[in-house]
Each structure stands twice: as C-alpha cells, then as structure tokens.
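File shown: start-v9.cif. Contents: mmCIF, C-alpha atoms and all ligand atoms.
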```
data_entry
#
loop_
_atom_site.label_atom_id
_atom_site.label_comp_id
_atom_site.auth_asym_id
_atom_site.auth_seq_id
_atom_site.Cartn_x
_atom_site.Cartn_y
_atom_site.Cartn_z
CA MET C 1 79.83 -36.44 -22.00
CA THR C 2 80.07 -38.33 -18.76
CA GLN C 3 77.93 -41.38 -18.01
CA ILE C 4 74.25 -40.46 -18.25
CA ASP C 5 71.98 -40.74 -15.24
CA ILE C 6 69.12 -42.69 -16.84
CA GLU C 7 66.98 -42.62 -13.71
CA LYS C 8 67.14 -38.84 -13.35
CA HIS C 9 66.25 -38.19 -17.02
CA GLU C 10 63.50 -40.82 -16.96
CA LYS C 11 61.94 -39.15 -13.91
CA GLU C 12 62.10 -35.71 -15.56
CA ILE C 13 60.54 -36.78 -18.85
CA THR C 14 57.80 -38.72 -17.05
CA GLU C 15 56.90 -35.81 -14.79
CA LYS C 16 57.58 -32.72 -16.90
CA GLY C 17 57.46 -34.15 -20.41
CA TRP C 18 61.01 -33.15 -21.32
CA THR C 19 64.63 -33.41 -20.15
CA ALA C 20 67.99 -32.02 -21.31
CA PHE C 21 71.37 -33.68 -21.79
CA ARG C 22 74.04 -31.02 -21.51
CA GLY C 23 77.36 -30.77 -23.34
CA VAL C 24 76.93 -33.96 -25.35
CA TYR C 25 78.74 -33.03 -28.58
CA SER C 26 82.14 -31.36 -29.02
CA ALA C 27 82.51 -27.95 -30.63
CA GLU C 28 84.47 -29.68 -33.44
CA LEU C 29 81.62 -32.03 -34.32
CA ILE C 30 79.09 -29.19 -34.19
CA ALA C 31 81.30 -27.09 -36.50
CA LYS C 32 81.68 -30.02 -38.89
CA ALA C 33 77.89 -30.53 -39.00
CA CYS C 34 77.38 -26.82 -39.74
CA GLU C 35 79.96 -26.85 -42.55
CA GLU C 36 78.30 -29.87 -44.13
CA LEU C 37 74.92 -28.15 -43.96
CA ASP C 38 76.30 -25.20 -45.90
CA GLU C 39 77.42 -27.66 -48.56
CA ILE C 40 74.19 -29.63 -48.83
CA ARG C 41 71.57 -26.86 -48.59
CA PRO C 42 71.80 -25.93 -52.31
CA THR C 43 70.94 -29.55 -53.15
CA TYR C 44 67.80 -29.28 -51.02
CA ASP C 45 66.84 -25.93 -52.56
CA GLU C 46 67.12 -27.50 -55.97
CA ILE C 47 64.94 -30.51 -55.04
CA HIS C 48 62.38 -28.28 -53.29
CA LYS C 49 62.11 -26.08 -56.38
CA GLU C 50 61.99 -29.04 -58.74
CA GLN C 51 59.11 -30.55 -56.73
CA GLY C 52 57.30 -27.22 -56.39
CA VAL C 53 57.51 -27.15 -52.57
CA TYR C 54 60.20 -24.50 -52.14
CA GLU C 55 58.00 -21.85 -50.45
CA GLU C 56 56.50 -24.23 -47.92
CA THR C 57 59.68 -26.15 -47.07
CA LYS C 58 62.49 -23.64 -47.30
CA ASN C 59 64.69 -23.59 -44.19
CA ALA C 60 63.52 -27.11 -43.31
CA TYR C 61 65.88 -29.80 -44.53
CA HIS C 62 64.49 -33.27 -43.93
CA HIS C 63 66.64 -36.40 -43.54
CA THR C 64 69.94 -34.50 -43.58
CA VAL C 65 71.47 -37.54 -41.83
CA VAL C 66 71.58 -39.22 -45.25
CA LEU C 67 73.89 -36.56 -46.71
CA SER C 68 75.87 -35.47 -43.65
CA PRO C 69 78.56 -37.79 -42.21
CA ALA C 70 78.80 -35.56 -39.10
CA GLN C 71 75.10 -36.12 -38.39
CA LEU C 72 75.51 -39.86 -38.76
CA GLU C 73 78.44 -39.61 -36.34
CA MET C 74 76.05 -38.00 -33.83
CA ILE C 75 74.15 -41.28 -33.52
CA ASN C 76 77.14 -43.62 -33.96
CA PRO C 77 77.34 -44.42 -31.14
CA ASN C 78 74.13 -42.80 -29.94
CA PRO C 79 74.86 -40.99 -26.65
CA LEU C 80 71.18 -41.48 -25.71
CA HIS C 81 71.18 -45.22 -26.43
CA GLY C 82 70.82 -46.43 -22.82
CA PHE C 83 68.22 -43.79 -22.04
CA LEU C 84 66.17 -44.64 -25.15
CA GLU C 85 66.24 -48.42 -24.63
CA ASN C 86 65.01 -47.79 -21.11
CA TYR C 87 62.40 -45.29 -22.34
CA PHE C 88 60.92 -47.68 -24.90
CA GLY C 89 61.44 -50.77 -22.75
CA GLY C 90 63.39 -52.42 -25.58
CA ARG C 91 64.57 -51.76 -29.12
CA TYR C 92 64.01 -48.50 -30.97
CA ILE C 93 64.79 -47.08 -34.43
CA LEU C 94 65.37 -43.69 -36.02
CA ASN C 95 62.15 -42.42 -37.57
CA THR C 96 63.53 -39.18 -39.01
CA MET C 97 66.54 -36.87 -38.57
CA GLY C 98 66.46 -33.49 -40.26
CA THR C 99 67.61 -29.92 -39.72
CA SER C 100 65.76 -26.63 -39.28
CA TYR C 101 67.01 -23.12 -39.76
CA VAL C 102 65.06 -20.63 -37.66
CA LEU C 103 65.81 -17.32 -39.32
CA PRO C 104 65.52 -13.94 -37.60
CA GLN C 105 61.99 -12.49 -37.54
CA THR C 106 60.32 -15.12 -39.66
CA GLY C 107 57.08 -16.92 -38.99
CA ILE C 108 57.29 -20.69 -39.27
CA TYR C 109 54.67 -23.36 -38.67
CA THR C 110 56.46 -24.67 -35.57
CA GLN C 111 55.76 -21.35 -33.83
CA ARG C 112 52.13 -22.32 -33.42
CA ILE C 113 51.21 -24.28 -30.29
CA HIS C 114 51.40 -27.88 -31.42
CA ARG C 115 52.56 -31.37 -30.61
CA ASP C 116 54.72 -33.46 -32.90
CA ILE C 117 52.47 -36.49 -33.17
CA ARG C 118 49.05 -36.27 -34.81
CA SER C 119 47.47 -39.08 -32.85
CA PHE C 120 47.60 -38.60 -29.08
CA SER C 121 49.21 -41.71 -27.60
CA GLY C 122 48.92 -40.86 -23.87
CA LYS C 123 51.19 -43.02 -21.75
CA GLU C 124 51.88 -45.42 -24.62
CA ARG C 125 55.47 -44.71 -25.69
CA LEU C 126 55.58 -45.01 -29.47
CA THR C 127 57.86 -42.10 -30.35
CA VAL C 128 60.15 -39.57 -28.72
CA ASN C 129 61.53 -36.27 -30.02
CA THR C 130 65.05 -35.07 -29.58
CA LEU C 131 66.60 -31.74 -30.54
CA ILE C 132 70.32 -31.18 -31.03
CA MET C 133 71.36 -27.55 -30.69
CA LEU C 134 73.87 -26.37 -33.30
CA ASP C 135 73.65 -22.84 -31.90
CA ASP C 136 72.93 -21.68 -28.37
CA CYS C 137 69.16 -21.54 -27.87
CA THR C 138 68.16 -18.49 -25.83
CA GLU C 139 64.92 -16.69 -25.05
CA GLU C 140 66.03 -14.02 -27.51
CA ASN C 141 66.63 -16.32 -30.45
CA GLY C 142 63.50 -18.41 -29.95
CA ALA C 143 64.13 -21.31 -27.54
CA THR C 144 61.11 -23.65 -27.48
CA TRP C 145 58.19 -23.00 -25.11
CA MET C 146 57.19 -26.19 -23.26
CA LEU C 147 54.01 -26.65 -21.25
CA GLU C 148 55.29 -29.07 -18.63
CA GLY C 149 52.93 -31.91 -17.76
CA SER C 150 50.78 -31.36 -20.87
CA GLN C 151 52.00 -34.60 -22.43
CA TYR C 152 49.07 -36.34 -20.74
CA GLN C 153 46.48 -33.93 -22.07
CA ASP C 154 44.76 -34.61 -25.41
CA ASP C 155 43.17 -31.15 -25.85
CA LYS C 156 45.17 -28.19 -27.05
CA PRO C 157 45.65 -25.61 -24.28
CA ASP C 158 44.41 -22.09 -24.97
CA GLU C 159 47.01 -19.54 -25.90
CA ASP C 160 46.82 -17.38 -22.78
CA PHE C 161 47.18 -20.35 -20.47
CA PHE C 162 49.97 -21.80 -22.59
CA TYR C 163 52.22 -18.73 -22.62
CA LYS C 164 51.56 -17.93 -18.94
CA ASN C 165 52.51 -21.42 -17.78
CA SER C 166 55.19 -22.61 -20.21
CA VAL C 167 58.94 -22.67 -19.62
CA ARG C 168 61.68 -21.96 -22.17
CA ALA C 169 63.97 -24.85 -23.09
CA THR C 170 67.21 -22.93 -23.40
CA GLY C 171 70.64 -24.47 -23.84
CA LYS C 172 74.04 -24.38 -25.47
CA ALA C 173 75.32 -25.69 -28.80
CA GLY C 174 76.05 -29.38 -28.26
CA ASP C 175 73.15 -29.96 -25.83
CA ILE C 176 70.30 -32.36 -26.60
CA LEU C 177 66.70 -31.85 -25.51
CA VAL C 178 64.47 -34.89 -25.32
CA PHE C 179 60.73 -34.51 -25.15
CA ASP C 180 57.60 -36.60 -25.07
CA SER C 181 56.00 -36.37 -28.54
CA ASN C 182 52.65 -35.62 -26.86
CA ILE C 183 53.81 -32.45 -25.08
CA TRP C 184 52.26 -29.15 -26.21
CA HIS C 185 55.03 -26.80 -27.29
CA ALA C 186 55.87 -23.92 -29.64
CA ALA C 187 59.07 -22.54 -31.11
CA GLY C 188 59.76 -18.96 -30.05
CA THR C 189 60.40 -16.06 -32.43
CA ASN C 190 64.00 -15.44 -33.33
CA ASN C 191 64.52 -11.82 -32.27
CA SER C 192 68.29 -11.93 -32.72
CA ASP C 193 70.06 -11.13 -35.97
CA LYS C 194 71.47 -14.63 -36.47
CA VAL C 195 70.05 -17.96 -37.60
CA ARG C 196 69.26 -20.63 -34.96
CA ARG C 197 69.98 -24.12 -36.28
CA ILE C 198 68.68 -27.37 -34.81
CA ILE C 199 68.81 -31.03 -35.78
CA THR C 200 65.71 -32.95 -34.78
CA PRO C 201 66.13 -36.75 -34.53
CA PHE C 202 62.86 -38.51 -33.82
CA PHE C 203 63.04 -42.06 -32.49
CA SER C 204 60.30 -44.68 -32.35
CA LYS C 205 59.49 -48.27 -31.58
CA PRO C 206 60.54 -50.44 -34.55
CA LEU C 207 56.92 -51.20 -35.45
CA MET C 208 56.38 -47.59 -36.61
CA LYS C 209 57.04 -46.88 -40.27
CA GLN C 210 60.07 -44.62 -40.83
CA SER C 211 59.49 -41.25 -42.46
CA LEU C 212 62.21 -42.12 -45.00
CA ASP C 213 63.23 -45.74 -45.62
CA TYR C 214 66.75 -45.36 -44.21
CA PRO C 215 67.96 -48.90 -44.98
CA ARG C 216 67.11 -48.37 -48.65
CA ALA C 217 68.38 -44.77 -48.66
CA PHE C 218 71.78 -45.85 -47.30
CA GLY C 219 71.63 -49.15 -49.22
CA TYR C 220 71.40 -52.72 -47.87
CA ASP C 221 75.15 -53.27 -48.25
CA PHE C 222 75.85 -50.34 -45.94
CA ALA C 223 74.68 -52.54 -43.05
CA ASN C 224 77.80 -54.72 -43.45
CA ARG C 225 80.09 -51.78 -42.76
CA ILE C 226 78.55 -50.34 -39.59
CA PRO C 227 78.38 -51.38 -35.92
CA ASP C 228 75.40 -53.45 -34.75
CA GLU C 229 74.00 -50.57 -32.71
CA LEU C 230 73.81 -48.23 -35.73
CA LYS C 231 72.39 -51.03 -37.87
CA GLN C 232 69.59 -51.39 -35.33
CA ILE C 233 68.99 -47.63 -35.10
CA LEU C 234 68.77 -47.16 -38.88
CA GLY C 235 66.15 -49.89 -39.08
CA TYR C 236 68.02 -52.79 -40.71
CA ASN C 237 66.48 -55.20 -38.17
CA ALA C 238 62.91 -54.05 -38.86
CA LEU C 239 62.64 -54.34 -42.65
CA THR C 240 59.51 -55.23 -44.60
CA PRO C 241 60.07 -58.16 -46.98
CA VAL C 242 58.71 -57.77 -50.51
CA THR C 243 58.80 -61.36 -51.78
CA LEU C 244 57.70 -64.65 -50.24
CA SER C 245 61.28 -65.92 -50.33
CA GLU C 246 62.31 -62.88 -48.33
CA PHE C 247 59.42 -63.45 -45.94
CA TYR C 248 60.18 -67.17 -45.36
CA LYS C 249 63.67 -66.88 -43.89
CA PRO C 250 65.11 -68.80 -40.98
CA ARG C 251 64.69 -66.85 -37.74
CA GLU C 252 68.18 -65.26 -37.68
CA LYS C 253 67.83 -64.00 -41.26
CA ARG C 254 64.32 -62.61 -40.95
CA PHE C 255 63.73 -59.11 -42.29
CA TYR C 256 61.76 -58.11 -39.20
CA LYS C 257 63.69 -59.62 -36.29
CA ALA C 258 61.90 -61.27 -33.38
CA ASP C 259 63.22 -58.80 -30.77
CA GLN C 260 61.78 -55.67 -32.42
CA GLY C 261 58.53 -55.59 -30.46
FE FE L 1 57.49 -29.39 -32.69
#
```
Show the structure stored in the file as structure tokens.
Ligand SMILES: [Fe+2]
Amino acid sequence: MTQIDIEKHEKEITEKGWTAFRGVYSAELIAKACEELDEIRPTYDEIHKEQGVYEETKNAYHHTVVLSPAQLEMINPNPLHGFLENYFGGRYILNTMGTSYVLPQTGIYTQRIHRDIRSFSGKERLTVNTLIMLDDCTEENGATWMLEGSQYQDDKPDEDFFYKNSVRATGKAGDILVFDSNIWHAAGTNNSDKVRRIITPFFSKPLMKQSLDYPRAFGYDFANRIPDELKQILGYNALTPVTLSEFYKPREKRFYKADQG
C-alpha cells in the first residue's frame, strides 16, 4: 500500500463514521491467513464444545491473532499505525482481533442493527473497529450496512429508516474498513453460495481493558523478540502489576508506562 492520507481518512471517519483503506494486504498474505484458519478452526470447535458454547459461537473465532502468525503479521507493522495514533491523539492498543465466517443463508447476531460498543461514547474516542476482508465483500454476499453520521446518535434508528438510508461497505480481499464504534450498522445476508470471511481487529486507548490479556497469552518473554511498535500494540506498555514490588518500579520499568494516557 502506498503512503496513507491520514487527513482524508480522518475527515471521512469524522463525517461519515467510517472509511476504507484499499489494497492494503497482498494476495499471498490473505491466502496464508486463510490456510491458517483452516488449520486452527478444529481447535476452536473443540474448545467451544468443551465449554458448552458451540451453538452460540460457531463460525466466530475470537482472538485468532494468538494462533495465526499471518494475522500477527497483519499488524506488524500495522499499516494503520499513523492513522490510529492520530485518531486517538496518542498511544493505542489492540483490544481484540478475531475472525468471523459468514456462511451462506445463515442468520447471525451481527445481522441485527447494532453498534459494537455497549456504552455510547459520543465524540470521546475510546475504541475503533476495523475489518479486514479475506474475501471480496459484495452486496450479494452480505457487505455491512452503515448508517453514515449515526455515530453521534445514542438511540437506535428504526429499521425502515435504517435500511432506506444506509450504504453498503463493499470492498475487495485485502481492503480494511475502519469505523467509529458508535456507528449503527448491520451485516447483510450472505446470498451467495460461498463463505465470507473477515478479521475484525478492534483498537482502543491503552486505559481500556483488553478482551483477552494478550501480553500473558503471548507470554512476557515474547516482548523481547518483537519490534517496539508491536510491543505497544499488544499491550506490553499498559500492564497491570499484581505485586507491590511490581507496582513500585522506577519510571522506565513501570508496568503501565507514563505515555499511555
Ligand atoms: Fe458489528
């Protein structure tokens, strides 16, 4: 991808509530991510069944970044880094990064009109959603409906109004959509005969608790083997100490670093 135009994307997300970055990932990296998903899905099915949540979670694979090197590669370096630092006005971390399979003709909870944050945060930027397309997203296979401008509205729009006034966020495999977590949106129905796969990284200010504790999931020693930018993104600079000795560290060794907001 060529240099990103931060100003243009910032203007779009502020006004419309979403913006798209086109042609970010190569076909090779997308193919590698898809292959890895085929390998790791049985592990998820097993865990879902073991925990008794198979019916409600099937086709949703949370935190796949932990098991998929290709997904980690997608944020190392993060092509959206400059945009996100500008968006949050400082540091940010990865809150969650999982994968969804939207199968043909199936009803899923994301097809209801919803927003991805329970508490409406208005103009306060605490989180942002991104969506990496592993397959082309078309009107036929269920590209997301977005009600532009609704990111500033707390109340849920009624269904008629929503579908009359929303746009479809279509795109190609390798594109990334970025949207305000407050925007009202709905996944479309997949009327094709093939699965539509998406990875959904969700970034936040470092003060928000991660949905999975990535530093512990990857292990503290992992931080010594990765670039500073990835270390920041995975949350190694925004840790919670558990002992007083961990809490009372000199500034440069603090678990929660001073620049994390
Ligand atoms: Fe959503």
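Here CA of Ile13 (chain C) is placed at a distance of 6.9 Å from CA of Asp180 (chain C).
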>> Show me which residues are within 6 Å of ligand FE 1 (chain L) counting all atoms listed in the file, and format the list as number ranges by chain.
In response: C: 110, 115-116
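Across C:Leu84, C:Ile40, C:Ala217, C:Ile233, the tightest approach to Val128 (chain C) is made by C:Leu84 when counting only C-alpha atoms.
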>> Is it possible to get the residues within 12 Å of (66.1, -31.0, -37.6) (coordinates as in the file, counting only C-alpha atoms) written as number ranges by chain?
In response: C: 33, 37, 59-65, 71, 96-102, 110, 129-134, 176, 196-202
>> Between CA of Lys156 (chain C) and CA of Arg168 (chain C), what is the distance in Å, rounded to a tenth?
In response: 18.3 Å
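Distance annotation: of C:Asp175, C:Gly90, C:Glu7, C:Tyr152, the residue with the minimal separation from Tyr25 (chain C) is C:Asp175; atom set is only C-alpha atoms.
With distances taken over all atoms listed in the file, C:Thr106 is the one residue among C:Asn224, C:Thr106, C:Asn95, C:Thr43 lying closest to Gly188 (chain C).
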>> Calculated over only C-alpha atoms, which of the candidates C:Gln111, C:Ser181, C:Asn237, C:Gln105 has the smallest distance to Asp259 (chain C)?
In response: C:Asn237
> Pick from C:Asp213, C:Glu139, C:Glu56, C:Asp45: nearest to Thr189 (chain C), with only C-alpha atoms counted?
Replying inline: C:Glu139
Fix up region 213-240 of chain C with N, CA and C atoms, then write it as an mmCIF file, in the frame of the given file.
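Saved as selection_23.cif:
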```cif
data_model
loop_
_atom_site.group_PDB
_atom_site.id
_atom_site.type_symbol
_atom_site.label_atom_id
_atom_site.label_comp_id
_atom_site.auth_asym_id
_atom_site.auth_seq_id
_atom_site.Cartn_x
_atom_site.Cartn_y
_atom_site.Cartn_z
ATOM 1 N N ASP C 213 62.754 -44.362 -45.775
ATOM 2 C CA ASP C 213 63.230 -45.740 -45.620
ATOM 3 C C ASP C 213 64.767 -45.699 -45.557
ATOM 4 N N TYR C 214 65.296 -45.531 -44.342
ATOM 5 C CA TYR C 214 66.750 -45.360 -44.210
ATOM 6 C C TYR C 214 67.574 -46.551 -44.709
ATOM 7 N N PRO C 215 67.160 -47.798 -44.437
ATOM 8 C CA PRO C 215 67.960 -48.900 -44.980
ATOM 9 C C PRO C 215 68.087 -48.849 -46.501
ATOM 10 N N ARG C 216 67.015 -48.458 -47.187
ATOM 11 C CA ARG C 216 67.110 -48.370 -48.650
ATOM 12 C C ARG C 216 67.839 -47.103 -49.080
ATOM 13 N N ALA C 217 67.685 -46.027 -48.314
ATOM 14 C CA ALA C 217 68.380 -44.770 -48.660
ATOM 15 C C ALA C 217 69.898 -44.943 -48.534
ATOM 16 N N PHE C 218 70.334 -45.613 -47.466
ATOM 17 C CA PHE C 218 71.780 -45.850 -47.300
ATOM 18 C C PHE C 218 72.228 -47.060 -48.128
ATOM 19 N N GLY C 219 71.311 -47.944 -48.449
ATOM 20 C CA GLY C 219 71.630 -49.150 -49.220
ATOM 21 C C GLY C 219 71.799 -50.345 -48.289
ATOM 22 N N TYR C 220 71.319 -51.521 -48.726
ATOM 23 C CA TYR C 220 71.400 -52.720 -47.870
ATOM 24 C C TYR C 220 72.839 -53.110 -47.564
ATOM 25 N N ASP C 221 73.752 -52.874 -48.494
ATOM 26 C CA ASP C 221 75.150 -53.270 -48.250
ATOM 27 C C ASP C 221 75.815 -52.421 -47.170
ATOM 28 N N PHE C 222 75.293 -51.240 -46.964
ATOM 29 C CA PHE C 222 75.850 -50.340 -45.940
ATOM 30 C C PHE C 222 75.837 -51.006 -44.567
ATOM 31 N N ALA C 223 74.825 -51.857 -44.344
ATOM 32 C CA ALA C 223 74.680 -52.540 -43.050
ATOM 33 C C ALA C 223 75.903 -53.396 -42.697
ATOM 34 N N ASN C 224 76.627 -53.862 -43.711
ATOM 35 C CA ASN C 224 77.800 -54.720 -43.450
ATOM 36 C C ASN C 224 79.004 -53.926 -42.979
ATOM 37 N N ARG C 225 78.916 -52.596 -43.083
ATOM 38 C CA ARG C 225 80.090 -51.780 -42.760
ATOM 39 C C ARG C 225 79.913 -50.956 -41.483
ATOM 40 N N ILE C 226 78.809 -51.175 -40.773
ATOM 41 C CA ILE C 226 78.550 -50.340 -39.590
ATOM 42 C C ILE C 226 78.357 -51.202 -38.342
ATOM 43 N N PRO C 227 78.570 -50.611 -37.161
ATOM 44 C CA PRO C 227 78.380 -51.380 -35.920
ATOM 45 C C PRO C 227 76.922 -51.826 -35.748
ATOM 46 N N ASP C 228 76.744 -52.898 -34.964
ATOM 47 C CA ASP C 228 75.400 -53.450 -34.750
ATOM 48 C C ASP C 228 74.420 -52.423 -34.210
ATOM 49 N N GLU C 229 74.905 -51.560 -33.317
ATOM 50 C CA GLU C 229 74.000 -50.570 -32.710
ATOM 51 C C GLU C 229 73.419 -49.630 -33.772
ATOM 52 N N LEU C 230 74.278 -49.151 -34.686
ATOM 53 C CA LEU C 230 73.810 -48.230 -35.730
ATOM 54 C C LEU C 230 72.880 -48.951 -36.714
ATOM 55 N N LYS C 231 73.227 -50.214 -36.976
ATOM 56 C CA LYS C 231 72.390 -51.030 -37.870
ATOM 57 C C LYS C 231 70.966 -51.124 -37.300
ATOM 58 N N GLN C 232 70.892 -51.349 -36.006
ATOM 59 C CA GLN C 232 69.590 -51.390 -35.330
ATOM 60 C C GLN C 232 68.877 -50.040 -35.446
ATOM 61 N N ILE C 233 69.600 -48.968 -35.144
ATOM 62 C CA ILE C 233 68.990 -47.630 -35.100
ATOM 63 C C ILE C 233 68.464 -47.229 -36.488
ATOM 64 N N LEU C 234 69.204 -47.555 -37.539
ATOM 65 C CA LEU C 234 68.770 -47.160 -38.880
ATOM 66 C C LEU C 234 67.637 -48.027 -39.420
ATOM 67 N N GLY C 235 67.333 -49.115 -38.713
ATOM 68 C CA GLY C 235 66.150 -49.890 -39.080
ATOM 69 C C GLY C 235 66.436 -51.167 -39.870
ATOM 70 N N TYR C 236 67.700 -51.581 -39.935
ATOM 71 C CA TYR C 236 68.020 -52.790 -40.710
ATOM 72 C C TYR C 236 67.485 -54.078 -40.071
ATOM 73 N N ASN C 237 67.046 -54.003 -38.808
ATOM 74 C CA ASN C 237 66.480 -55.200 -38.170
ATOM 75 C C ASN C 237 64.955 -55.190 -38.188
ATOM 76 N N ALA C 238 64.376 -54.166 -38.837
ATOM 77 C CA ALA C 238 62.910 -54.050 -38.860
ATOM 78 C C ALA C 238 62.444 -53.768 -40.282
ATOM 79 N N LEU C 239 62.972 -54.538 -41.228
ATOM 80 C CA LEU C 239 62.640 -54.340 -42.650
ATOM 81 C C LEU C 239 61.330 -55.029 -43.014
ATOM 82 N N THR C 240 60.704 -54.551 -44.070
ATOM 83 C CA THR C 240 59.510 -55.230 -44.600
ATOM 84 C C THR C 240 59.928 -56.038 -45.829
#
```
